[in-house]
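Peer 1: Take this structure, written in structure tokens, and hold onto it; I'll ask about it next.
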Amino acid sequence: MKPAILVARAIFPEVLERLSQTFEVTANQDDRVYTPAELTEKMRGKVGALTTGSERIDAALLAACPNLKVVANMAVGYNNFDVPAMTAAGVLATNTPDVLTETTADFGFALLMATARRVTESEHYLRAGHWTRWSYDMFAGAEVHGSTLGIIGMGRIGQGIARRAARGFDMQVLYHNRSPLPVAQEVECGARYAGKEALLRAADHVMLVVPYSAETHHTIGAAEIAMMKPTATLVNIARGGIVDDAALAQALKSRRIAAAGLDVFEGEPSVHPDLLTVPNVVLTPHIASATIATRLKMANLAADNLVDYLVHGRTRTPLNQVSR
Ligand code: DGY
């Protein structure tokens, strides 16, 4: 009998087909997001699962699913996993690094450009029929090329954004990270380490690419926004909860900073109601890695993680170490 796995959300049919050759697959091609109780019920008796950021894997679920050996997240972020609880339960946790780095960095740049140059705000104006004539300051935004970019979180995606900024847009790039990069890597991506406050005060644009954890919760709140230039833009492609969305909405309303671009939100898919009414924010529904090619690579890597571990006893992109 084939080992039983759950694919918790809809994925590419070809990846499902590939998994079905090895496993007895319970799929969810209707793509309903399961409640925690439903997820537990679906996962009971399964040895593996393919999840996305919307499925929380915690101690309560693990206790109810003693057969579980591996959960493969189709995401590089894994704040939906309680990794210590998974390790304690002997469950391997995996994610999908590398395959989405450049695509996500592209999107970070797209959101920065759209925000600084007021692309969506001006499009809404045009669509609403308000455009009657050219004028010298209509939707005048902030310069991107030659300006100073501050990147908070300098992992692979942060470095990809730094390279684009330094090489393509002649920007001065500052970054803040738990620890500075080796000098050769700093030179390669054209970035210089700065303390968080110094970065916030100096940057014309601030980009957040830091993983979510208890330590990074509200990395940007009212106090940090108060340090930013009134002309600055803030872009969050990291995770909801890195920014205090209520404080940001207030700052955008009062024009304490010029604009923001947000791909992720606290409590998403809900969005703070004030963010929906202020004009100077670009809002996208968590799509930074969303190209067909990249999402296919992510799904295949998650599938590889299941096959490698359950069939061959190998790990490919593990987040913890467990004994089988
Ligand atoms: C990731 O990979 O973490 C992205 O946010 C997609 O969920």
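Note on naming: chains are A, B, ... as they come in the structure tokens, residues start from 1 per chain, ligands start from 1 in the order shown.
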For ligand 1, collect every residue having any atom at a distance of at most 9 Å from a ligand atom (counting only C-alpha atoms and all ligand atoms); output as an mmCIF file with N, CA and C atoms, in the first residue's frame.
Peer 2:
data_model
loop_
_atom_site.group_PDB
_atom_site.id
_atom_site.type_symbol
_atom_site.label_atom_id
_atom_site.label_comp_id
_atom_site.auth_asym_id
_atom_site.auth_seq_id
_atom_site.Cartn_x
_atom_site.Cartn_y
_atom_site.Cartn_z
ATOM 1 N N THR A 52 0.882 25.147 2.892
ATOM 2 C CA THR A 52 1.275 26.505 2.527
ATOM 3 C C THR A 52 1.250 27.325 3.826
ATOM 4 N N GLY A 53 1.494 28.620 3.703
ATOM 5 C CA GLY A 53 1.533 29.458 4.907
ATOM 6 C C GLY A 53 0.215 29.520 5.653
ATOM 7 N N SER A 54 -0.874 29.050 5.063
ATOM 8 C CA SER A 54 -2.164 29.162 5.752
ATOM 9 C C SER A 54 -2.458 27.991 6.697
ATOM 10 N N ASN A 73 6.515 22.637 3.582
ATOM 11 C CA ASN A 73 5.832 23.920 3.349
ATOM 12 C C ASN A 73 6.181 24.426 1.956
ATOM 13 N N MET A 74 5.163 24.803 1.187
ATOM 14 C CA MET A 74 5.431 25.384 -0.136
ATOM 15 C C MET A 74 5.582 26.903 0.049
ATOM 16 N N ALA A 75 6.658 27.272 0.695
ATOM 17 C CA ALA A 75 6.980 28.678 1.002
ATOM 18 C C ALA A 75 8.378 28.684 1.599
ATOM 19 N N VAL A 76 9.050 29.798 1.446
ATOM 20 C CA VAL A 76 10.347 29.894 2.127
ATOM 21 C C VAL A 76 10.132 30.276 3.584
ATOM 22 N N GLY A 77 9.117 31.117 3.841
ATOM 23 C CA GLY A 77 8.777 31.484 5.217
ATOM 24 C C GLY A 77 8.077 30.311 5.889
ATOM 25 N N TYR A 78 8.277 30.174 7.197
ATOM 26 C CA TYR A 78 7.667 29.024 7.876
ATOM 27 C C TYR A 78 7.174 29.390 9.276
ATOM 28 N N ASN A 79 6.691 30.638 9.399
ATOM 29 C CA ASN A 79 6.169 31.053 10.697
ATOM 30 C C ASN A 79 4.843 30.378 11.029
ATOM 31 N N ASN A 95 11.097 23.642 3.891
ATOM 32 C CA ASN A 95 10.563 24.827 3.200
ATOM 33 C C ASN A 95 11.112 24.861 1.768
ATOM 34 N N THR A 96 10.902 25.973 1.057
ATOM 35 C CA THR A 96 11.334 26.038 -0.356
ATOM 36 C C THR A 96 12.241 27.257 -0.596
ATOM 37 N N PRO A 97 13.465 27.205 -0.074
ATOM 38 C CA PRO A 97 14.372 28.339 -0.295
ATOM 39 C C PRO A 97 14.922 28.360 -1.718
ATOM 40 N N LEU A 100 12.745 30.796 -5.199
ATOM 41 C CA LEU A 100 11.916 32.001 -5.352
ATOM 42 C C LEU A 100 12.687 33.298 -5.149
ATOM 43 N N THR A 104 11.094 36.957 -6.176
ATOM 44 C CA THR A 104 10.604 37.762 -5.053
ATOM 45 C C THR A 104 11.346 39.104 -5.002
ATOM 46 N N PRO A 211 12.489 37.652 8.190
ATOM 47 C CA PRO A 211 11.501 36.622 8.525
ATOM 48 C C PRO A 211 10.710 36.998 9.775
ATOM 49 N N ILE A 237 7.574 43.213 1.981
ATOM 50 C CA ILE A 237 7.302 41.963 1.255
ATOM 51 C C ILE A 237 7.655 40.764 2.145
ATOM 52 N N ALA A 238 7.811 41.023 3.453
ATOM 53 C CA ALA A 238 8.289 39.957 4.344
ATOM 54 C C ALA A 238 7.123 39.128 4.889
ATOM 55 N N ARG A 239 6.496 39.603 5.924
ATOM 56 C CA ARG A 239 5.359 38.928 6.533
ATOM 57 C C ARG A 239 4.507 39.964 7.235
ATOM 58 N N VAL A 264 2.017 42.053 2.278
ATOM 59 C CA VAL A 264 1.673 41.162 3.400
ATOM 60 C C VAL A 264 1.074 41.999 4.523
ATOM 61 N N HIS A 286 -0.232 39.296 -1.271
ATOM 62 C CA HIS A 286 0.815 38.295 -0.987
ATOM 63 C C HIS A 286 1.212 37.526 -2.255
ATOM 64 N N ILE A 287 1.737 38.262 -3.223
ATOM 65 C CA ILE A 287 2.045 37.649 -4.525
ATOM 66 C C ILE A 287 3.523 37.784 -4.907
ATOM 67 N N ALA A 288 4.372 38.083 -3.948
ATOM 68 C CA ALA A 288 5.766 38.384 -4.315
ATOM 69 C C ALA A 288 6.451 37.240 -5.062
ATOM 70 N N SER A 289 6.098 36.005 -4.759
ATOM 71 C CA SER A 289 6.744 34.878 -5.456
ATOM 72 C C SER A 289 5.879 34.351 -6.603
ATOM 73 N N ALA A 290 4.811 35.080 -6.926
ATOM 74 C CA ALA A 290 3.808 34.518 -7.843
ATOM 75 C C ALA A 290 4.113 34.742 -9.322
ATOM 76 N N ARG A 295 6.277 29.425 -8.896
ATOM 77 C CA ARG A 295 5.355 28.647 -8.057
ATOM 78 C C ARG A 295 5.448 27.158 -8.392
ATOM 79 N N MET A 298 8.454 25.889 -6.657
ATOM 80 C CA MET A 298 8.187 25.755 -5.215
ATOM 81 C C MET A 298 7.388 24.483 -4.932
#
Peer 1: Determine, counting only C-alpha atoms, which protein, DNA and RNA residues have an atom within 9 Å of an atom of Gly190 in chain A; residues of the same chain fewer than 5 positions away are not included. Present the result as a PDB file with N, CA, C and O atoms, in the first residue's frame.
Peer 2:
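Final file, around.pdb:
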ATOM      1  N   GLN A 159      19.510  40.367  -0.421  1.00  0.00           N
ATOM      2  CA  GLN A 159      20.710  40.558  -1.251  1.00  0.00           C
ATOM      3  C   GLN A 159      20.351  40.727  -2.727  1.00  0.00           C
ATOM      4  O   GLN A 159      20.991  41.503  -3.448  1.00  0.00           O
ATOM      5  N   ALA A 162      19.260  44.230  -3.087  1.00  0.00           N
ATOM      6  CA  ALA A 162      20.433  45.129  -3.017  1.00  0.00           C
ATOM      7  C   ALA A 162      21.164  45.162  -4.356  1.00  0.00           C
ATOM      8  O   ALA A 162      21.540  46.237  -4.841  1.00  0.00           O
ATOM      9  N   ARG A 163      21.359  43.994  -4.964  1.00  0.00           N
ATOM     10  CA  ARG A 163      22.071  43.951  -6.258  1.00  0.00           C
ATOM     11  C   ARG A 163      21.314  44.763  -7.312  1.00  0.00           C
ATOM     12  O   ARG A 163      21.912  45.527  -8.063  1.00  0.00           O
ATOM     13  N   ALA A 165      19.293  47.229  -6.811  1.00  0.00           N
ATOM     14  CA  ALA A 165      19.332  48.658  -6.463  1.00  0.00           C
ATOM     15  C   ALA A 165      20.692  49.271  -6.802  1.00  0.00           C
ATOM     16  O   ALA A 165      20.768  50.349  -7.398  1.00  0.00           O
ATOM     17  N   ALA A 166      21.756  48.554  -6.405  1.00  0.00           N
ATOM     18  CA  ALA A 166      23.107  49.128  -6.574  1.00  0.00           C
ATOM     19  C   ALA A 166      23.524  49.113  -8.040  1.00  0.00           C
ATOM     20  O   ALA A 166      24.045  50.101  -8.554  1.00  0.00           O
ATOM     21  N   ARG A 167      23.282  47.976  -8.703  1.00  0.00           N
ATOM     22  CA  ARG A 167      23.792  47.851 -10.075  1.00  0.00           C
ATOM     23  C   ARG A 167      22.866  48.492 -11.099  1.00  0.00           C
ATOM     24  O   ARG A 167      23.322  49.102 -12.060  1.00  0.00           O
ATOM     25  N   MET A 171      21.787  53.068  -6.671  1.00  0.00           N
ATOM     26  CA  MET A 171      21.337  53.505  -5.344  1.00  0.00           C
ATOM     27  C   MET A 171      22.434  53.248  -4.315  1.00  0.00           C
ATOM     28  O   MET A 171      23.238  52.323  -4.465  1.00  0.00           O
ATOM     29  N   GLN A 172      22.409  54.038  -3.273  1.00  0.00           N
ATOM     30  CA  GLN A 172      23.243  53.740  -2.119  1.00  0.00           C
ATOM     31  C   GLN A 172      22.432  52.765  -1.264  1.00  0.00           C
ATOM     32  O   GLN A 172      21.277  53.059  -0.933  1.00  0.00           O
ATOM     33  N   VAL A 173      23.024  51.608  -0.944  1.00  0.00           N
ATOM     34  CA  VAL A 173      22.237  50.595  -0.229  1.00  0.00           C
ATOM     35  C   VAL A 173      22.786  50.386   1.181  1.00  0.00           C
ATOM     36  O   VAL A 173      23.952  50.037   1.365  1.00  0.00           O
ATOM     37  N   LEU A 174      21.917  50.609   2.158  1.00  0.00           N
ATOM     38  CA  LEU A 174      22.249  50.298   3.550  1.00  0.00           C
ATOM     39  C   LEU A 174      21.443  49.065   3.927  1.00  0.00           C
ATOM     40  O   LEU A 174      20.337  48.864   3.411  1.00  0.00           O
ATOM     41  N   GLN A 185      30.788  39.580   0.420  1.00  0.00           N
ATOM     42  CA  GLN A 185      29.366  39.522   0.044  1.00  0.00           C
ATOM     43  C   GLN A 185      28.752  40.928   0.005  1.00  0.00           C
ATOM     44  O   GLN A 185      27.935  41.233  -0.853  1.00  0.00           O
TER      45      GLN A 185
END
Peer 1: Any idea what the distance is between CA of Gln21 in chain A and CA of Met1 in chain A?
Peer 2: 11.8 Å
Peer 1: Determine the nearest neighbour of Thr51 in chain A from the options A:Ser213, A:Thr115, A:Asn305, A:Thr231, counting only C-alpha atoms.
Peer 2: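 Closest to Thr51 in chain A of all the choices is A:Asn305.
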Peer 1: So that I can check the surroundings of Val243 in chain A, please list as a short mmCIF file (atom, residue, chain, number, x, y, z; two decimals) with N, CA, C and O atoms, in the first residue's frame every protein, DNA and RNA residue that reaches within 9 Å of it, counting only C-alpha atoms and ignoring chain neighbours fewer than 6 positions away.
Peer 2:
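Output below, filename around-v1.cif:
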data_model
loop_
_atom_site.label_atom_id
_atom_site.label_comp_id
_atom_site.auth_asym_id
_atom_site.auth_seq_id
_atom_site.Cartn_x
_atom_site.Cartn_y
_atom_site.Cartn_z
N LEU A 208 11.41 45.89 3.72
CA LEU A 208 11.44 44.88 4.79
C LEU A 208 11.45 43.49 4.20
O LEU A 208 10.53 43.12 3.44
N HIS A 217 8.46 40.81 15.50
CA HIS A 217 7.10 41.36 15.54
C HIS A 217 7.18 42.89 15.71
O HIS A 217 7.90 43.39 16.56
N HIS A 218 6.45 43.59 14.86
CA HIS A 218 6.41 45.06 14.88
C HIS A 218 7.83 45.67 14.85
O HIS A 218 8.13 46.61 15.61
N THR A 219 8.66 45.14 13.95
CA THR A 219 9.97 45.76 13.70
C THR A 219 9.78 47.23 13.35
O THR A 219 10.59 48.09 13.66
N ILE A 220 8.66 47.51 12.64
CA ILE A 220 8.32 48.89 12.32
C ILE A 220 6.99 49.24 12.98
O ILE A 220 5.93 48.69 12.62
N GLY A 221 7.06 50.13 13.95
CA GLY A 221 5.86 50.66 14.62
C GLY A 221 5.94 52.18 14.61
O GLY A 221 6.78 52.76 13.89
N ASN A 236 6.85 46.45 2.43
CA ASN A 236 6.90 45.20 3.21
C ASN A 236 6.54 44.03 2.31
O ASN A 236 5.40 43.87 1.89
N PHE A 265 0.20 41.36 5.33
CA PHE A 265 -0.63 42.13 6.27
C PHE A 265 -0.80 41.35 7.57
O PHE A 265 -0.85 40.12 7.55
N GLU A 266 -0.97 42.09 8.65
CA GLU A 266 -1.28 41.44 9.93
C GLU A 266 -2.66 40.82 9.81
O GLU A 266 -3.61 41.52 9.45
#
Peer 1: Which of these residues is nearest to Pro230 in chain A, using only C-alpha atoms: A:Arg164, A:Thr120, A:Asp204, A:Leu306?
Peer 2: A:Asp204
Peer 1: What lies within 7 Å of range 247-262 of chain A using only C-alpha atoms, ignoring chain neighbours under 3 positions off, as a list in words?
Peer 2: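 My list of contacting residues is Leu111, Leu112, Thr115, Gly221, Ala222, Lys229, Pro230, Thr231, Ala232, Thr233, Leu234, Val235, Asn236, Ile237, Asp244, Asp274, Leu275, Val278, Asn280, Val281, Val282, Leu283 and Thr284 of chain A.
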Peer 1: Can you write just those residues out, N, CA, C and O atoms, as an mmCIF file, in the first residue's frame?
Peer 2:
data_model
loop_
_atom_site.group_PDB
_atom_site.id
_atom_site.type_symbol
_atom_site.label_atom_id
_atom_site.label_comp_id
_atom_site.auth_asym_id
_atom_site.auth_seq_id
_atom_site.Cartn_x
_atom_site.Cartn_y
_atom_site.Cartn_z
ATOM 1 N N LEU A 111 7.270 46.711 -6.373
ATOM 2 C CA LEU A 111 6.445 47.396 -5.368
ATOM 3 C C LEU A 111 7.090 48.722 -4.946
ATOM 4 O O LEU A 111 6.396 49.723 -4.740
ATOM 5 N N LEU A 112 8.400 48.722 -4.857
ATOM 6 C CA LEU A 112 9.116 49.966 -4.552
ATOM 7 C C LEU A 112 8.857 51.010 -5.647
ATOM 8 O O LEU A 112 8.517 52.171 -5.363
ATOM 9 N N THR A 115 5.262 52.230 -5.610
ATOM 10 C CA THR A 115 4.970 53.064 -4.432
ATOM 11 C C THR A 115 5.594 54.446 -4.580
ATOM 12 O O THR A 115 4.924 55.472 -4.414
ATOM 13 N N GLY A 221 7.062 50.132 13.954
ATOM 14 C CA GLY A 221 5.863 50.659 14.617
ATOM 15 C C GLY A 221 5.940 52.180 14.613
ATOM 16 O O GLY A 221 6.777 52.761 13.887
ATOM 17 N N ALA A 222 5.117 52.799 15.438
ATOM 18 C CA ALA A 222 5.062 54.273 15.445
ATOM 19 C C ALA A 222 6.441 54.888 15.743
ATOM 20 O O ALA A 222 6.830 55.887 15.116
ATOM 21 N N LYS A 229 12.292 59.682 7.201
ATOM 22 C CA LYS A 229 12.100 60.976 6.537
ATOM 23 C C LYS A 229 10.623 61.148 6.175
ATOM 24 O O LYS A 229 9.974 60.169 5.784
ATOM 25 N N PRO A 230 10.094 62.356 6.223
ATOM 26 C CA PRO A 230 8.687 62.560 5.828
ATOM 27 C C PRO A 230 8.435 62.235 4.357
ATOM 28 O O PRO A 230 7.299 61.992 3.951
ATOM 29 N N THR A 231 9.500 62.216 3.574
ATOM 30 C CA THR A 231 9.379 61.902 2.146
ATOM 31 C C THR A 231 9.582 60.411 1.861
ATOM 32 O O THR A 231 9.542 59.988 0.696
ATOM 33 N N ALA A 232 9.813 59.614 2.911
ATOM 34 C CA ALA A 232 10.223 58.214 2.698
ATOM 35 C C ALA A 232 9.060 57.311 2.296
ATOM 36 O O ALA A 232 7.893 57.605 2.560
ATOM 37 N N THR A 233 9.430 56.194 1.655
ATOM 38 C CA THR A 233 8.447 55.124 1.395
ATOM 39 C C THR A 233 8.879 53.884 2.173
ATOM 40 O O THR A 233 10.065 53.665 2.423
ATOM 41 N N LEU A 234 7.894 53.061 2.497
ATOM 42 C CA LEU A 234 8.132 51.820 3.233
ATOM 43 C C LEU A 234 7.525 50.676 2.442
ATOM 44 O O LEU A 234 6.350 50.750 2.046
ATOM 45 N N VAL A 235 8.305 49.616 2.205
ATOM 46 C CA VAL A 235 7.791 48.470 1.442
ATOM 47 C C VAL A 235 7.937 47.216 2.303
ATOM 48 O O VAL A 235 9.017 46.941 2.832
ATOM 49 N N ASN A 236 6.851 46.454 2.433
ATOM 50 C CA ASN A 236 6.900 45.204 3.206
ATOM 51 C C ASN A 236 6.544 44.028 2.310
ATOM 52 O O ASN A 236 5.398 43.868 1.893
ATOM 53 N N ILE A 237 7.574 43.213 1.981
ATOM 54 C CA ILE A 237 7.302 41.963 1.255
ATOM 55 C C ILE A 237 7.655 40.764 2.145
ATOM 56 O O ILE A 237 7.788 39.645 1.652
ATOM 57 N N ASP A 244 3.502 47.259 12.281
ATOM 58 C CA ASP A 244 2.266 47.557 13.010
ATOM 59 C C ASP A 244 1.358 48.285 12.005
ATOM 60 O O ASP A 244 1.516 49.486 11.768
ATOM 61 N N ASP A 274 -8.263 50.960 7.626
ATOM 62 C CA ASP A 274 -7.725 52.284 7.297
ATOM 63 C C ASP A 274 -6.748 52.226 6.127
ATOM 64 O O ASP A 274 -6.582 53.213 5.404
ATOM 65 N N LEU A 275 -6.098 51.067 5.937
ATOM 66 C CA LEU A 275 -5.187 50.947 4.787
ATOM 67 C C LEU A 275 -5.971 50.937 3.481
ATOM 68 O O LEU A 275 -5.451 51.304 2.429
ATOM 69 N N VAL A 278 -6.732 54.900 2.633
ATOM 70 C CA VAL A 278 -5.712 55.926 2.346
ATOM 71 C C VAL A 278 -5.195 55.749 0.914
ATOM 72 O O VAL A 278 -4.996 54.621 0.465
ATOM 73 N N ASN A 280 -2.262 56.758 -0.413
ATOM 74 C CA ASN A 280 -0.815 56.666 -0.635
ATOM 75 C C ASN A 280 -0.230 55.319 -0.197
ATOM 76 O O ASN A 280 0.816 55.254 0.429
ATOM 77 N N VAL A 281 -0.950 54.255 -0.517
ATOM 78 C CA VAL A 281 -0.420 52.925 -0.245
ATOM 79 C C VAL A 281 -0.778 51.998 -1.408
ATOM 80 O O VAL A 281 -1.901 52.045 -1.926
ATOM 81 N N VAL A 282 0.192 51.208 -1.828
ATOM 82 C CA VAL A 282 -0.037 50.199 -2.871
ATOM 83 C C VAL A 282 -0.239 48.863 -2.152
ATOM 84 O O VAL A 282 0.605 48.467 -1.334
ATOM 85 N N LEU A 283 -1.333 48.187 -2.439
ATOM 86 C CA LEU A 283 -1.687 46.957 -1.729
ATOM 87 C C LEU A 283 -1.750 45.788 -2.706
ATOM 88 O O LEU A 283 -2.471 45.868 -3.717
ATOM 89 N N THR A 284 -1.033 44.716 -2.409
ATOM 90 C CA THR A 284 -1.110 43.511 -3.258
ATOM 91 C C THR A 284 -1.308 42.289 -2.358
ATOM 92 O O THR A 284 -0.858 42.275 -1.203
#
Peer 1: With only C-alpha atoms as the atoms that count, which of A:Ile151, A:Ala299, A:Pro269, A:Lys69 lies nearest to Gly313 in chain A?
Peer 2: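 Looking at the shortest contact to Gly313 in chain A, the residue is A:Lys69.
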Peer 1: Would you give me, as a list in words, the residues in range 74-214 of chain A that DSSP reads as strand (DSSP E)?
Peer 2: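 Of range 74-214 of chain A, the ones in strand (DSSP E) are Leu92, Ala93, Thr94, Thr148, Leu149, Gly150, Ile151, Ile152, Gln172, Val173, Leu174, Tyr175, His176, Ala191, Arg192, Tyr193, His205, Val206, Met207 and Leu208 of chain A.
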Peer 1: Take the residues just selected and output them with N, CA and C atoms as a CSV table (one decimal), in the first residue's frame.
Peer 2:
chain,number,residue,atom,x,y,z
A,92,LEU,N,9.8,16.0,10.5
A,92,LEU,CA,10.7,16.8,9.7
A,92,LEU,C,9.9,18.0,9.2
A,93,ALA,N,10.5,19.2,9.2
A,93,ALA,CA,9.9,20.4,8.6
A,93,ALA,C,10.8,20.8,7.5
A,94,THR,N,10.2,21.1,6.3
A,94,THR,CA,11.0,21.6,5.2
A,94,THR,C,10.3,22.8,4.6
A,148,THR,N,18.7,56.6,-1.6
A,148,THR,CA,19.2,55.6,-0.6
A,148,THR,C,18.2,54.6,-0.2
A,149,LEU,N,18.5,53.3,-0.4
A,149,LEU,CA,17.6,52.3,0.0
A,149,LEU,C,18.1,51.6,1.3
A,150,GLY,N,17.2,51.4,2.2
A,150,GLY,CA,17.5,50.7,3.5
A,150,GLY,C,16.8,49.4,3.5
A,151,ILE,N,17.6,48.3,3.6
A,151,ILE,CA,17.0,47.0,3.6
A,151,ILE,C,17.1,46.4,5.0
A,152,ILE,N,16.0,46.0,5.5
A,152,ILE,CA,16.0,45.3,6.8
A,152,ILE,C,15.8,43.9,6.6
A,172,GLN,N,22.4,54.0,-3.3
A,172,GLN,CA,23.2,53.7,-2.1
A,172,GLN,C,22.4,52.8,-1.3
A,173,VAL,N,23.0,51.6,-0.9
A,173,VAL,CA,22.2,50.6,-0.2
A,173,VAL,C,22.8,50.4,1.2
A,174,LEU,N,21.9,50.6,2.2
A,174,LEU,CA,22.2,50.3,3.6
A,174,LEU,C,21.4,49.1,3.9
A,175,TYR,N,22.0,48.2,4.8
A,175,TYR,CA,21.2,47.1,5.3
A,175,TYR,C,21.3,46.9,6.7
A,176,HIS,N,20.3,46.3,7.3
A,176,HIS,CA,20.4,46.0,8.8
A,176,HIS,C,20.0,44.5,8.9
A,191,ALA,N,26.3,46.8,-0.8
A,191,ALA,CA,25.5,47.2,0.4
A,191,ALA,C,26.4,47.4,1.6
A,192,ARG,N,26.0,48.3,2.4
A,192,ARG,CA,26.8,48.7,3.6
A,192,ARG,C,26.0,48.5,4.9
A,193,TYR,N,26.5,47.9,5.9
A,193,TYR,CA,25.8,47.6,7.2
A,193,TYR,C,25.5,48.9,7.9
A,205,HIS,N,14.0,55.1,1.0
A,205,HIS,CA,13.1,54.0,0.8
A,205,HIS,C,13.5,52.9,1.8
A,206,VAL,N,12.6,52.3,2.5
A,206,VAL,CA,12.9,51.2,3.4
A,206,VAL,C,12.2,50.0,2.9
A,207,MET,N,12.9,48.9,2.8
A,207,MET,CA,12.4,47.6,2.3
A,207,MET,C,12.5,46.6,3.4
A,208,LEU,N,11.4,45.9,3.7
A,208,LEU,CA,11.4,44.9,4.8
A,208,LEU,C,11.4,43.5,4.2
Peer 1: Tell me which protein, DNA and RNA residues are within 12 Å of Glu215 in chain A, counting only C-alpha atoms, leaving out same-chain ones fewer than 6 positions away, and put them as a list in words.
Peer 2: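 Residues near the query, excluding close chain neighbours: Arg178, Gly241 and Ile242 of chain A.
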